[in-house]
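Undergrad: As input, take my_file-v9.cif (mmCIF, C-alpha atoms):
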data_coords
loop_
_atom_site.label_atom_id
_atom_site.label_comp_id
_atom_site.auth_asym_id
_atom_site.auth_seq_id
_atom_site.Cartn_x
_atom_site.Cartn_y
_atom_site.Cartn_z
CA MET A 15 0.00 0.00 0.00
CA LYS A 16 1.24 3.45 -0.87
CA LYS A 17 2.38 5.85 1.84
CA ALA A 18 0.81 8.87 0.18
CA PHE A 19 -1.53 9.69 -2.67
CA GLY A 20 -2.95 13.03 -3.75
CA PRO A 21 -3.22 15.25 -0.70
CA TYR A 22 -3.31 12.31 1.70
CA LYS A 23 -0.51 10.91 3.83
CA ARG A 24 -0.83 7.57 5.56
CA LEU A 25 -0.82 7.59 9.34
CA ALA A 26 -1.53 3.96 10.13
CA ARG A 27 -2.28 0.70 8.42
CA GLY A 28 -4.21 -2.26 9.74
CA PHE A 29 -3.67 -6.00 9.49
CA LEU A 30 -3.51 -7.20 5.84
CA SER A 31 -4.30 -3.63 4.73
CA CYS A 32 -7.94 -4.10 5.64
CA SER A 33 -8.13 -0.61 7.13
CA SER A 34 -5.99 2.49 7.13
CA LEU A 35 -5.96 6.05 8.40
CA TRP A 36 -4.90 9.01 6.26
CA ILE A 37 -4.56 12.74 6.84
CA GLY A 38 -4.80 15.46 4.25
CA ASP A 39 -6.83 18.29 2.82
CA GLY A 40 -8.18 19.36 6.20
CA GLN A 41 -9.64 15.97 6.96
CA LEU A 42 -8.90 12.57 8.36
CA LEU A 43 -9.78 9.75 6.01
CA TYR A 44 -10.47 6.38 7.58
CA ILE A 45 -10.69 3.51 5.09
CA ARG A 46 -12.54 0.58 6.58
CA GLY A 47 -12.27 -2.68 4.69
CA ARG A 48 -14.85 -5.43 4.90
CA GLY A 49 -14.12 -9.02 4.00
CA ILE A 50 -12.47 -12.24 5.07
CA LEU A 51 -8.68 -12.08 5.07
CA LEU A 52 -8.90 -9.83 2.01
CA PRO A 53 -11.02 -6.65 1.93
CA PHE A 54 -13.85 -7.16 -0.57
CA SER A 55 -15.15 -3.63 -0.18
CA GLU A 56 -13.88 -0.40 1.27
CA GLU A 57 -15.86 2.24 3.08
CA TYR A 58 -14.51 5.77 3.29
CA ILE A 59 -15.19 7.76 6.45
CA ARG A 60 -14.07 11.38 6.48
CA PHE A 61 -13.60 13.48 9.59
CA ASP A 62 -13.37 17.23 9.21
CA LEU A 63 -10.46 18.33 11.39
CA SER A 64 -12.44 21.34 12.57
CA ARG A 65 -15.22 19.12 13.90
CA ILE A 66 -13.32 16.49 15.82
CA ARG A 67 -14.22 16.78 19.47
CA SER A 68 -11.84 14.30 21.00
CA VAL A 69 -9.38 11.54 20.31
CA SER A 70 -9.19 8.89 22.99
CA VAL A 71 -6.99 5.86 23.49
CA ALA A 72 -7.68 3.09 26.00
CA ARG A 73 -5.16 0.39 26.72
CA THR A 74 -6.40 -3.19 26.41
CA TYR A 75 -5.01 -6.54 27.49
CA THR A 76 -5.67 -8.41 24.27
CA TRP A 77 -1.98 -8.59 23.42
CA ILE A 78 -1.23 -10.45 26.67
CA PHE A 79 -3.94 -13.06 26.08
CA THR A 80 -2.99 -13.57 22.43
CA SER A 81 0.68 -13.88 23.37
CA ILE A 82 -0.10 -16.47 26.04
CA GLY A 83 -2.38 -18.41 23.69
CA THR A 84 0.12 -18.42 20.83
CA ALA A 85 2.94 -19.38 23.18
CA ALA A 86 0.84 -22.29 24.45
CA VAL A 87 0.28 -23.47 20.87
CA SER A 88 3.99 -23.15 20.20
CA ALA A 89 4.80 -25.18 23.32
CA LEU A 90 2.27 -27.83 22.30
CA PHE A 91 3.84 -28.26 18.88
CA ALA A 92 7.32 -28.31 20.38
CA TRP A 93 6.23 -31.07 22.78
CA LEU A 94 4.69 -33.08 19.94
CA SER A 95 7.87 -32.63 17.95
CA LEU A 96 9.88 -33.92 20.90
CA LEU A 97 7.64 -36.98 21.14
CA ALA A 98 7.98 -37.59 17.40
CA SER A 99 11.75 -37.35 17.50
CA GLN A 100 11.88 -39.78 20.43
CA SER A 101 9.66 -42.15 18.48
CA ALA A 102 11.94 -41.78 15.46
CA ALA A 103 14.93 -42.72 17.56
CA GLU A 104 13.22 -45.87 18.81
CA SER A 105 11.73 -47.04 15.48
CA SER A 106 13.56 -48.17 12.36
CA GLY A 107 13.05 -48.28 8.61
CA ASP A 108 10.23 -46.34 6.95
CA ASP A 109 8.59 -45.52 10.28
CA SER A 110 11.75 -43.81 11.45
CA LEU A 111 11.93 -41.71 8.27
CA PHE A 112 8.27 -40.70 8.54
CA THR A 113 8.50 -39.69 12.20
CA THR A 114 11.69 -37.74 11.48
CA TYR A 115 9.89 -35.74 8.80
CA LEU A 116 6.89 -35.32 11.11
CA ALA A 117 9.15 -33.99 13.87
CA GLY A 118 10.70 -31.54 11.43
CA GLY A 119 7.28 -30.27 10.33
CA LEU A 120 6.14 -29.84 13.92
CA ASP A 121 9.38 -27.98 14.66
CA LEU A 122 8.63 -25.58 11.83
CA VAL A 123 5.12 -24.90 13.14
CA ALA A 124 6.46 -24.36 16.66
CA ALA A 125 9.11 -21.95 15.37
CA PHE A 126 6.52 -20.03 13.34
CA THR A 127 4.15 -19.61 16.29
CA LEU A 128 7.07 -18.61 18.51
CA ALA A 129 8.02 -15.96 15.96
CA LEU A 130 4.41 -14.71 16.08
CA VAL A 131 4.67 -14.40 19.86
CA LEU A 132 7.91 -12.44 19.61
CA VAL A 133 6.45 -10.09 17.01
CA ASN A 134 3.34 -9.57 19.11
CA VAL A 135 5.34 -8.80 22.24
CA SER A 136 7.76 -6.52 20.41
CA ARG A 137 4.90 -4.40 19.05
CA GLY A 138 3.88 -3.49 22.60
CA PRO A 139 0.58 -3.10 24.41
CA SER A 140 -2.66 -3.09 22.44
CA CYS A 141 -5.26 -0.36 22.59
CA VAL A 142 -8.54 0.96 21.28
CA PHE A 143 -8.39 4.23 19.37
CA MET A 144 -11.51 6.31 18.94
CA ILE A 145 -12.30 9.57 17.20
CA GLN A 146 -15.37 11.40 18.35
CA THR A 147 -17.33 14.12 16.59
CA SER A 148 -20.73 15.56 17.33
CA ALA A 149 -22.28 13.14 14.84
CA ARG A 150 -20.45 9.87 15.46
CA SER A 151 -17.89 7.97 17.50
CA GLU A 152 -15.72 5.77 15.33
CA ARG A 153 -13.26 3.16 16.48
CA ILE A 154 -10.20 3.24 14.26
CA ARG A 155 -9.18 -0.36 13.75
CA SER A 156 -5.96 0.44 11.95
CA VAL A 157 -4.47 1.80 15.19
CA ARG A 158 -4.21 -1.12 17.59
CA ARG A 159 -0.99 -0.47 19.51
CA MET A 160 -0.29 2.13 22.14
CA ARG A 161 2.97 3.12 20.52
CA LYS A 162 1.30 3.78 17.19
CA ALA A 163 -1.61 5.53 18.89
CA ARG A 164 0.75 7.98 20.61
CA GLN A 165 2.48 8.67 17.29
CA VAL A 166 -0.81 9.33 15.53
CA LEU A 167 -2.09 11.50 18.35
CA ALA A 168 1.12 13.53 18.36
CA GLU A 169 0.77 14.03 14.62
CA ILE A 170 -2.88 14.97 14.33
CA GLY A 171 -3.39 16.70 17.69
CA PRO A 172 -1.66 20.01 16.81
CA ASP A 173 -3.33 20.12 13.37
CA ILE A 174 -6.77 19.70 14.88
CA TYR A 175 -6.11 22.24 17.61
CA VAL A 176 -4.86 24.85 15.15
CA ARG A 177 -8.06 24.56 13.14
CA GLN A 178 -10.23 24.99 16.21
CA VAL A 179 -8.47 27.84 17.95
CA ASN A 180 -11.23 30.25 17.01
CA MET A 181 -13.77 27.99 18.73
CA ILE A 182 -12.30 28.49 22.18
CA PRO A 183 -15.02 30.32 24.00
CA SER A 184 -14.16 33.54 25.70
CA PRO A 185 -14.90 33.45 29.42
CA PRO A 186 -18.42 34.69 30.13
CA PRO A 187 -18.76 38.11 31.75
CA MET A 188 -19.13 37.98 35.50
CA PRO A 189 -22.16 39.40 37.20
CA ALA A 190 -21.75 42.94 38.29
CA ALA A 191 -22.24 42.06 41.93
CA LEU A 192 -19.35 39.61 41.87
CA ALA A 193 -17.06 41.70 39.72
CA PRO A 194 -14.13 43.10 41.61
CA GLN A 195 -14.60 46.72 42.39
CA PRO A 196 -12.00 49.10 41.09
CA ALA A 197 -9.66 50.17 43.76
CA ALA A 198 -10.59 53.56 45.15
CA ALA A 199 -8.19 56.31 44.33
CA PHE A 200 -5.94 57.10 47.21
CA VAL A 201 -6.90 60.39 48.63
CA PRO A 202 -4.71 61.48 51.46
CA SER A 203 -6.72 62.39 54.37
CA PRO A 204 -6.52 66.03 55.19
CA ALA A 205 -4.16 66.94 57.90
CA PRO A 206 -5.91 67.39 61.15
CA VAL A 207 -6.73 70.94 61.62
CA ASP A 208 -6.13 72.25 64.96
CA PRO A 209 -9.21 73.67 66.45
CA PRO A 210 -9.14 77.33 66.65
CA PRO A 211 -7.97 78.58 69.95
CA VAL A 212 -10.70 79.39 72.25
CA PRO A 213 -10.46 82.91 73.27
CA MET B 20 -20.60 13.89 25.74
CA LEU B 21 -17.17 12.32 25.77
CA THR B 22 -17.17 8.53 26.02
CA CYS B 23 -14.68 5.84 26.90
CA PRO B 24 -13.50 4.04 23.75
CA LYS B 25 -13.75 0.66 25.46
CA CYS B 26 -17.01 0.74 27.43
CA TYR B 27 -18.63 3.93 26.11
CA GLY B 28 -18.98 5.21 29.65
CA PRO B 29 -18.96 8.97 30.20
CA LEU B 30 -15.66 10.81 30.59
CA VAL B 31 -14.99 14.29 31.85
CA ALA B 32 -12.14 16.41 30.57
CA GLU B 33 -11.38 19.92 29.44
CA PRO B 34 -9.91 20.91 26.07
CA GLY B 35 -6.17 21.27 26.03
CA THR B 36 -3.20 21.25 23.75
CA ARG B 37 -1.88 17.99 25.16
CA PRO B 38 -3.49 14.62 25.84
CA VAL B 39 -4.33 13.88 29.45
CA ASP B 40 -4.92 10.62 31.29
CA VAL B 41 -8.45 10.27 32.60
CA GLY B 42 -9.90 7.42 34.65
CA CYS B 43 -13.08 5.84 33.36
CA ARG B 44 -15.54 5.29 36.19
CA SER B 45 -17.35 2.50 34.32
CA CYS B 46 -14.49 0.20 33.37
CA ALA B 47 -11.78 1.62 35.63
CA ARG B 48 -9.37 2.00 32.73
CA THR B 49 -6.98 4.83 32.22
CA VAL B 50 -7.92 6.59 29.01
CA THR B 51 -5.52 8.91 27.22
CA LEU B 52 -7.77 11.66 26.01
CA GLN B 53 -7.25 14.82 24.05
CA VAL B 54 -10.24 17.11 23.89
CA PHE B 55 -10.52 19.86 21.31
CA PRO B 56 -12.42 23.15 21.38
CA ALA B 57 -15.09 21.76 19.05
CA LEU B 58 -16.50 20.23 22.22
CA TYR B 59 -18.04 23.62 22.96
CA ARG B 60 -19.82 23.68 19.64
CA PRO B 61 -23.49 22.85 20.03
CA ASP B 62 -24.58 19.41 18.82
CA HIS B 63 -27.12 20.61 16.32
CA ALA B 64 -25.97 23.97 15.09
CA ALA B 65 -28.98 24.80 12.98
CA PRO B 66 -28.46 27.31 10.20
CA ALA B 67 -30.28 30.58 10.30
CA ALA B 68 -33.90 30.10 9.34
CA SER B 69 -34.66 30.93 5.74
CA ARG B 70 -36.82 33.96 5.27
CA VAL B 71 -39.60 34.44 2.74
CA ALA B 72 -38.54 35.94 -0.56
CA ILE B 73 -39.95 39.31 -1.38
CA GLU B 74 -40.88 40.60 -4.79
CA GLY B 75 -37.91 40.90 -7.14
CA GLU B 76 -35.57 38.93 -4.85
CA ALA B 77 -33.82 35.73 -5.94
CA ALA B 78 -35.64 32.69 -4.61
CA CYS B 79 -34.35 29.24 -3.72
CA PHE B 80 -34.38 26.76 -6.59
CA TYR B 81 -35.94 24.06 -4.44
CA CYS B 82 -38.13 26.21 -2.18
CA PRO B 83 -39.59 28.93 -4.45
CA GLY B 84 -41.08 30.84 -1.58
CA LYS B 85 -37.83 31.34 0.31
CA ALA B 86 -35.09 33.83 -0.31
CA ALA B 87 -31.82 32.51 -1.75
CA THR B 88 -28.74 33.22 0.29
CA ILE B 89 -25.99 31.38 -1.60
CA ALA B 90 -25.33 29.67 -4.92
CA CYS B 91 -24.39 26.00 -5.08
CA GLU B 92 -20.70 25.59 -5.95
CA GLY B 93 -21.52 22.50 -7.95
CA CYS B 94 -24.43 23.44 -10.20
CA GLY B 95 -24.82 27.14 -9.49
CA SER B 96 -28.44 27.01 -8.46
CA TYR B 97 -29.62 29.49 -5.84
CA LEU B 98 -30.22 27.96 -2.45
CA CYS B 99 -31.78 28.96 0.80
CA ASN B 100 -30.20 28.10 4.12
CA ASP B 101 -32.28 24.93 4.48
CA CYS B 102 -31.24 23.46 1.12
CA SER B 103 -27.49 23.98 1.30
CA ALA B 104 -24.95 21.75 2.96
CA ASP B 105 -21.36 22.32 3.95
CA TRP B 106 -19.11 19.60 2.49
CA PHE B 107 -15.56 20.18 3.75
CA GLY B 108 -15.73 23.90 3.07
CA LYS B 109 -17.86 23.78 -0.08
CA LYS B 110 -21.45 24.94 -0.11
CA LEU B 111 -23.41 22.44 -2.18
CA CYS B 112 -27.00 21.50 -2.78
CA LEU B 113 -28.11 18.04 -1.69
CA SER B 114 -28.61 16.77 -5.24
CA CYS B 115 -25.01 17.72 -6.11
CA ILE B 116 -23.75 15.82 -3.07
CA HIS B 117 -25.86 12.82 -4.03
CA SER B 118 -24.72 12.82 -7.64
CA ASN B 119 -21.08 13.24 -6.62
CA ARG B 120 -21.26 10.42 -4.10
CA GLU B 121 -23.43 7.85 -5.77
CA VAL B 122 -23.42 8.57 -9.51
CA ARG B 123 -20.11 10.15 -10.43
CA GLY B 124 -18.09 8.68 -7.59
CA ALA B 125 -15.82 11.70 -7.33
CA THR B 126 -12.76 11.05 -5.21
CA GLU B 127 -13.56 13.49 -2.42
CA PHE B 128 -17.16 12.27 -2.21
CA LYS B 129 -16.84 8.54 -2.80
CA PRO B 130 -18.48 6.62 0.06
CA ARG B 131 -17.42 3.06 -0.77
CA THR B 132 -15.86 0.81 -3.40
CA GLN B 133 -16.19 -2.84 -4.28
CA LEU B 134 -12.78 -4.44 -4.76
CA TYR B 135 -13.48 -6.92 -7.53
CA ASP B 136 -9.86 -8.03 -7.84
CA ASN B 137 -9.88 -9.08 -4.20
CA ILE B 138 -13.24 -10.81 -4.67
CA ALA B 139 -11.85 -12.81 -7.59
CA LEU B 140 -8.73 -13.73 -5.63
CA GLY B 141 -10.83 -14.65 -2.60
CA MET B 142 -12.95 -16.99 -4.75
CA LEU B 143 -9.80 -18.86 -5.71
CA PHE B 144 -8.02 -18.94 -2.36
CA LEU B 145 -10.61 -18.85 0.39
CA PRO B 146 -12.14 -22.29 -0.41
CA LEU B 147 -8.75 -23.79 0.37
CA VAL B 148 -9.38 -22.91 4.01
CA ILE B 149 -12.14 -25.54 4.07
CA PRO B 150 -10.51 -28.87 4.82
CA LEU B 151 -10.92 -31.66 2.25
CA TYR B 152 -13.69 -30.01 0.23
CA GLY B 153 -11.77 -26.87 -0.63
CA LEU B 154 -9.93 -28.44 -3.55
CA PHE B 155 -13.25 -29.41 -5.11
CA ILE B 156 -14.79 -25.98 -4.63
CA VAL B 157 -11.94 -24.06 -6.28
CA PRO B 158 -12.58 -25.45 -9.82
CA MET B 159 -16.25 -24.59 -9.45
CA ALA B 160 -15.42 -21.04 -8.37
CA ALA B 161 -12.84 -20.47 -11.12
CA PRO B 162 -15.39 -19.61 -13.88
CA PHE B 163 -17.01 -17.03 -11.61
CA ALA B 164 -13.62 -15.55 -10.74
CA LEU B 165 -12.77 -15.28 -14.43
CA TYR B 166 -16.13 -13.62 -15.05
CA PHE B 167 -15.42 -11.06 -12.33
CA VAL B 168 -11.99 -10.37 -13.79
CA ILE B 169 -13.33 -9.82 -17.32
CA ARG B 170 -16.50 -7.99 -16.33
CA HIS B 171 -14.87 -5.58 -13.88
CA ARG B 172 -11.42 -5.20 -15.43
CA LYS B 173 -11.95 -1.46 -15.81
CA ALA B 174 -13.74 -0.88 -12.54
CA SER B 175 -12.29 1.39 -9.89
CA ARG B 176 -9.89 -0.35 -7.52
CA GLY B 177 -10.46 1.88 -4.55
CA LEU B 178 -9.56 5.37 -3.46
CA VAL B 179 -5.97 4.45 -2.73
CA PRO B 180 -4.37 3.81 -6.12
CA ARG B 181 -3.39 0.19 -6.63
CA GLY B 182 -1.86 -1.71 -9.49
CA THR B 183 -3.43 -4.44 -11.60
CA PHE B 184 -1.30 -7.21 -10.13
CA ARG B 185 -4.16 -8.85 -8.20
CA LEU B 186 -6.47 -8.69 -11.19
CA TRP B 187 -3.89 -10.30 -13.45
CA LEU B 188 -3.06 -12.92 -10.83
CA ALA B 189 -6.72 -13.83 -10.43
CA GLY B 190 -7.22 -13.97 -14.20
CA ILE B 191 -4.18 -16.14 -14.85
CA LEU B 192 -4.92 -18.48 -11.96
CA SER B 193 -8.57 -18.94 -12.88
CA THR B 194 -7.63 -19.57 -16.54
CA LEU B 195 -5.06 -22.16 -15.51
CA ILE B 196 -7.55 -23.85 -13.22
CA LEU B 197 -10.15 -23.95 -15.99
CA LEU B 198 -7.66 -25.35 -18.49
CA SER B 199 -6.54 -28.02 -16.08
CA LEU B 200 -10.17 -28.80 -15.34
CA CYS B 201 -10.81 -29.25 -19.08
CA GLY B 202 -7.74 -31.47 -19.30
CA VAL B 203 -8.92 -33.61 -16.41
CA ILE B 204 -12.40 -33.94 -17.93
CA GLY B 205 -10.96 -34.86 -21.34
CA TYR B 206 -8.64 -37.42 -19.80
CA GLY B 207 -11.54 -38.90 -17.88
CA ILE B 208 -13.68 -39.20 -21.01
CA ASN B 209 -10.87 -40.92 -22.93
CA ARG B 210 -10.24 -43.22 -20.03
CA ALA B 211 -13.91 -44.13 -19.86
CA ARG B 212 -13.98 -44.86 -23.60
CA ARG B 213 -10.99 -47.14 -23.36
CA PHE B 214 -12.52 -49.02 -20.48
CA SER B 215 -15.73 -49.42 -22.46
CA ASP B 216 -13.66 -50.93 -25.29
CA GLY B 217 -12.06 -53.32 -22.85
CA LEU B 218 -8.64 -51.81 -23.42
CA LYS B 219 -6.38 -50.17 -20.95
CA THR B 220 -3.76 -48.25 -22.87
CA PHE B 221 -3.53 -46.17 -26.00
CA SER B 222 -1.05 -48.58 -27.53
CA GLU B 223 -3.54 -51.43 -27.15
CA LEU B 224 -6.27 -49.28 -28.68
CA ARG B 225 -4.04 -48.34 -31.59
CA ALA B 226 -2.99 -51.93 -32.18
CA ALA B 227 -6.59 -53.06 -32.15
CA ARG B 228 -7.59 -50.39 -34.67
CA GLU B 229 -4.69 -51.28 -36.96
CA ALA B 230 -5.59 -54.93 -36.76
CA ALA B 231 -9.19 -54.17 -37.64
CA SER B 232 -8.24 -52.03 -40.62
CA GLY B 233 -5.70 -54.64 -41.76
CA ASP B 234 -8.34 -57.39 -41.66
CA ALA B 235 -10.73 -55.27 -43.66
CA ALA B 236 -8.09 -54.57 -46.33
CA GLY B 237 -7.13 -58.29 -46.57
CA ASN B 238 -10.76 -59.36 -47.00
CA ASP B 239 -11.16 -56.95 -49.91
CA GLU B 240 -8.16 -58.39 -51.78
CA ASP B 241 -8.98 -62.10 -51.39
CA GLU B 242 -12.12 -63.81 -52.47
CA PRO B 243 -15.20 -62.88 -50.56
CA ALA B 244 -15.58 -64.45 -47.20
CA PRO B 245 -17.92 -67.39 -47.05
CA PRO B 246 -21.27 -66.63 -45.52
CA PRO B 247 -21.43 -67.62 -41.92
CA ASP B 248 -23.24 -70.77 -41.11
CA GLU B 249 -26.91 -70.22 -40.58
CA VAL B 250 -27.51 -70.95 -37.02
CA PRO B 251 -31.13 -70.68 -35.93
CA THR B 252 -31.19 -68.23 -33.09
CA THR B 253 -34.87 -68.79 -32.32
CA ALA B 254 -37.29 -71.68 -32.64
CA PRO B 255 -39.06 -71.99 -36.08
CA ARG B 256 -42.43 -70.40 -36.26
CA ARG B 257 -45.41 -72.72 -36.25
CA ARG B 258 -47.80 -72.20 -39.15
CA ILE B 259 -51.46 -71.98 -38.22
CA VAL B 260 -53.89 -73.22 -40.90
CA LEU B 261 -57.49 -72.13 -40.59
CA PRO B 262 -60.22 -74.47 -42.06
CA HIS B 263 -62.43 -73.38 -44.92
CA PRO B 264 -66.03 -72.82 -44.16
CA GLY B 265 -68.01 -76.08 -44.25
CA GLU B 266 -64.99 -78.28 -43.58
CA PRO B 267 -64.48 -79.97 -40.28
CA ASN B 268 -61.88 -78.61 -37.95
CA PRO B 269 -58.50 -80.32 -38.14
CA PRO B 270 -57.60 -82.45 -35.19
#
Rewrite the coordinates I just gave you, this time as structure tokens.
TA:
Amino acid sequence: MKKAFGPYKRLARGFLSCSSLWIGDGQLLYIRGRGILLPFSEEYIRFDLSRIRSVSVARTYTWIFTSIGTAAVSALFAWLSLLASQSAAESSGDDSLFTTYLAGGLDLVAAFTLALVLVNVSRGPSCVFMIQTSARSERIRSVRRMRKARQVLAEIGPDIYVRQVNMIPSPPPMPAALAPQPAAAFVPSPAPVDPPPVP
Amino acid sequence: MLTCPKCYGPLVAEPGTRPVDVGCRSCARTVTLQVFPALYRPDHAAPAASRVAIEGEAACFYCPGKAATIACEGCGSYLCNDCSADWFGKKLCLSCIHSNREVRGATEFKPRTQLYDNIALGMLFLPLVIPLYGLFIVPMAAPFALYFVIRHRKASRGLVPRGTFRLWLAGILSTLILLSLCGVIGYGINRARRFSDGLKTFSELRAAREAASGDAAGNDEDEPAPPPDEVPTTAPRRRIVLPHPGEPNPP
């Protein structure tokens, strides 16, 4: 997938390019793909930068569960491979050859799943990224890691704020009763006048 | 109202130039939140009500009784406040937005796209996920994939420009699958014919044909073959004789 096209620049890309987030031309473009493994259709959701109310990121624990699950699968295949190699050592002839190949295949699967675990852990904690406007709240599925979410937020936050500076409301006028009174001008008190002498 | 991205519970924060960490009271998560000044904008900022057009004043194209305030940047028709819409800085009438989105499919208006190259590829590859039966489904899906490739070869491939690699891959793969399917069917038909002839190989079939043609040629050169012995295949028919009138019946 290209990193830029027309006025748009890519901010994030989802798994198998099913979804992506782009910025350009005063808007955020979220491309949401629908399909199985491959996107069969794409839906384009545009957010006007001057109408975005908030961007929120919540950390999730999905990455821990998926890492544990994938590591368990890897351990299972490694154990089966160990059993197969032991069986190969004990058997002879064609059986030995078959179990040797079987152990090799199981080793490959175990190594692949272990690599998946390492990649998942190296990408860091997972998160949910949401953009909210007055009309809709949209979860951005192309931003799934905290690290990426912080990068995206650091990139789009200033742009959005600059476009909305004129929307910052001025503080409302205070009621007259509560308004601080202007300090009275200092008027030196007249010097005490001595009473006229009593004749 | 600001909401938690995980549980959609309410959040409270003030606009600022930097993101802040806020605790969600519903799910007890820490949410990194950046709020922008658009939060202060009212939810339904209704445009100023259109006023009635007076004599000699331009009226709205869609509401003849109302005064026009702007001209559509797409078609130029005069519009009142109720009939205009703001599309990323452009003032357009609703019919222009509809035609741009649904009919013309202009880039900045396009709402969605069907990715026919991915559909064709999916038809060829996704059945393989099904254990055992996948290999039988792929040849059945190949004609449909080829149809999609030919029918939608010029269709748009999405807003993000993409090459034709997937389309070509799907076309070549489906063609190869169809050709191999034809080959398998032809081989099966030939095999069935040979079995019906009682032969097993092409060489046997060829030898049998040559022998048959050789026999026919030899019969033509020599004297004609003697007629085969007449062997009654069925019992001779019994003749029934009916008596003439006035004669007694035969015993």
Undergrad: Given the file shown, enumerate the residues that the PyMOL selection byres ((chain A) within 6 of (chain B)) captures and present them as a list in words.
TA: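 When the PyMOL selection byres ((chain A) within 6 of (chain B)) is applied to the shown file, the picked residues are Phe54, Ser55, Glu56, Glu57, Tyr58, Arg65, Arg67, Ser68, Val69, Ser70, Val71, Ala72, Met144, Ser148, Gln178, Met181 and Ile182 of chain A.
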Undergrad: Would you kindly translate the PyMOL selection byres ((chain A and resi 136-143) around 8) into the concrete residues it picks from this file, as a PDB file with C-alpha atoms, in the frame of the given file?
TA:
ATOM      1  CA  VAL A  69      -9.380  11.540  20.310  1.00  0.00           C
ATOM      2  CA  SER A  70      -9.190   8.890  22.990  1.00  0.00           C
ATOM      3  CA  VAL A  71      -6.990   5.860  23.490  1.00  0.00           C
ATOM      4  CA  ALA A  72      -7.680   3.090  26.000  1.00  0.00           C
ATOM      5  CA  ARG A  73      -5.160   0.390  26.720  1.00  0.00           C
ATOM      6  CA  THR A  74      -6.400  -3.190  26.410  1.00  0.00           C
ATOM      7  CA  TYR A  75      -5.010  -6.540  27.490  1.00  0.00           C
ATOM      8  CA  THR A  76      -5.670  -8.410  24.270  1.00  0.00           C
ATOM      9  CA  TRP A  77      -1.980  -8.590  23.420  1.00  0.00           C
ATOM     10  CA  ILE A  78      -1.230 -10.450  26.670  1.00  0.00           C
ATOM     11  CA  LEU A 132       7.910 -12.440  19.610  1.00  0.00           C
ATOM     12  CA  VAL A 133       6.450 -10.090  17.010  1.00  0.00           C
ATOM     13  CA  ASN A 134       3.340  -9.570  19.110  1.00  0.00           C
ATOM     14  CA  VAL A 135       5.340  -8.800  22.240  1.00  0.00           C
ATOM     15  CA  MET A 144     -11.510   6.310  18.940  1.00  0.00           C
ATOM     16  CA  ILE A 145     -12.300   9.570  17.200  1.00  0.00           C
ATOM     17  CA  ARG A 153     -13.260   3.160  16.480  1.00  0.00           C
ATOM     18  CA  ILE A 154     -10.200   3.240  14.260  1.00  0.00           C
ATOM     19  CA  ARG A 155      -9.180  -0.360  13.750  1.00  0.00           C
ATOM     20  CA  VAL A 157      -4.470   1.800  15.190  1.00  0.00           C
ATOM     21  CA  ARG A 158      -4.210  -1.120  17.590  1.00  0.00           C
ATOM     22  CA  ARG A 159      -0.990  -0.470  19.510  1.00  0.00           C
ATOM     23  CA  MET A 160      -0.290   2.130  22.140  1.00  0.00           C
ATOM     24  CA  ARG A 161       2.970   3.120  20.520  1.00  0.00           C
ATOM     25  CA  ALA A 163      -1.610   5.530  18.890  1.00  0.00           C
TER      26      ALA A 163
ATOM     27  CA  PRO B  24     -13.500   4.040  23.750  1.00  0.00           C
ATOM     28  CA  LYS B  25     -13.750   0.660  25.460  1.00  0.00           C
TER      29      LYS B  25
END
Undergrad: Just the residues within 8 Å of Glu92 (chain B), please, counting only C-alpha atoms, with nothing from its chain fewer than 5 positions along; format it as a PyMOL selection string.
TA: chain B and resi 109-111
Undergrad: Write the residues of the selection above to a file with C-alpha atoms, as a PDB file, keeping the file's coordinate frame.
TA:
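result_32.pdb, written as the output of this step:
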ATOM      1  CA  LYS B 109     -17.860  23.780  -0.080  1.00  0.00           C
ATOM      2  CA  LYS B 110     -21.450  24.940  -0.110  1.00  0.00           C
ATOM      3  CA  LEU B 111     -23.410  22.440  -2.180  1.00  0.00           C
TER       4      LEU B 111
END
Undergrad: Evaluate the PyMOL selection byres ((chain A and resi 96) around 12) and record the selected residues as an MDAnalysis selection string, following the chain and residue labels used in the document.
TA: chainID A and resid 89:95 97:103 113:114 116:121 124
Undergrad: How far is it from CA of Gly171 (chain A) to CA of Phe29 (chain A), in Å with one decimal?
TA: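 A separation of 24.1 Å between them.
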Undergrad: Please work out which residues fall within 7 Å of (-12.4, -16.9, -15.1), coordinates as given in the file, with only C-alpha atoms counting, and return them as an mmCIF file with C-alpha atoms, in the coordinates of the input.
TA:
data_model
loop_
_atom_site.group_PDB
_atom_site.id
_atom_site.type_symbol
_atom_site.label_atom_id
_atom_site.label_comp_id
_atom_site.auth_asym_id
_atom_site.auth_seq_id
_atom_site.Cartn_x
_atom_site.Cartn_y
_atom_site.Cartn_z
ATOM 1 C CA ALA B 161 -12.840 -20.470 -11.120
ATOM 2 C CA PRO B 162 -15.390 -19.610 -13.880
ATOM 3 C CA PHE B 163 -17.010 -17.030 -11.610
ATOM 4 C CA ALA B 164 -13.620 -15.550 -10.740
ATOM 5 C CA LEU B 165 -12.770 -15.280 -14.430
ATOM 6 C CA TYR B 166 -16.130 -13.620 -15.050
ATOM 7 C CA VAL B 168 -11.990 -10.370 -13.790
ATOM 8 C CA GLY B 190 -7.220 -13.970 -14.200
ATOM 9 C CA SER B 193 -8.570 -18.940 -12.880
ATOM 10 C CA THR B 194 -7.630 -19.570 -16.540
#
Undergrad: Would you mind reading off the distance between CA of Asp105 (chain B) and CA of Arg27 (chain A), one decimal, in Å?
TA: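 Going from CA of Asp105 (chain B) over to CA of Arg27 (chain A) covers 29.2 Å.
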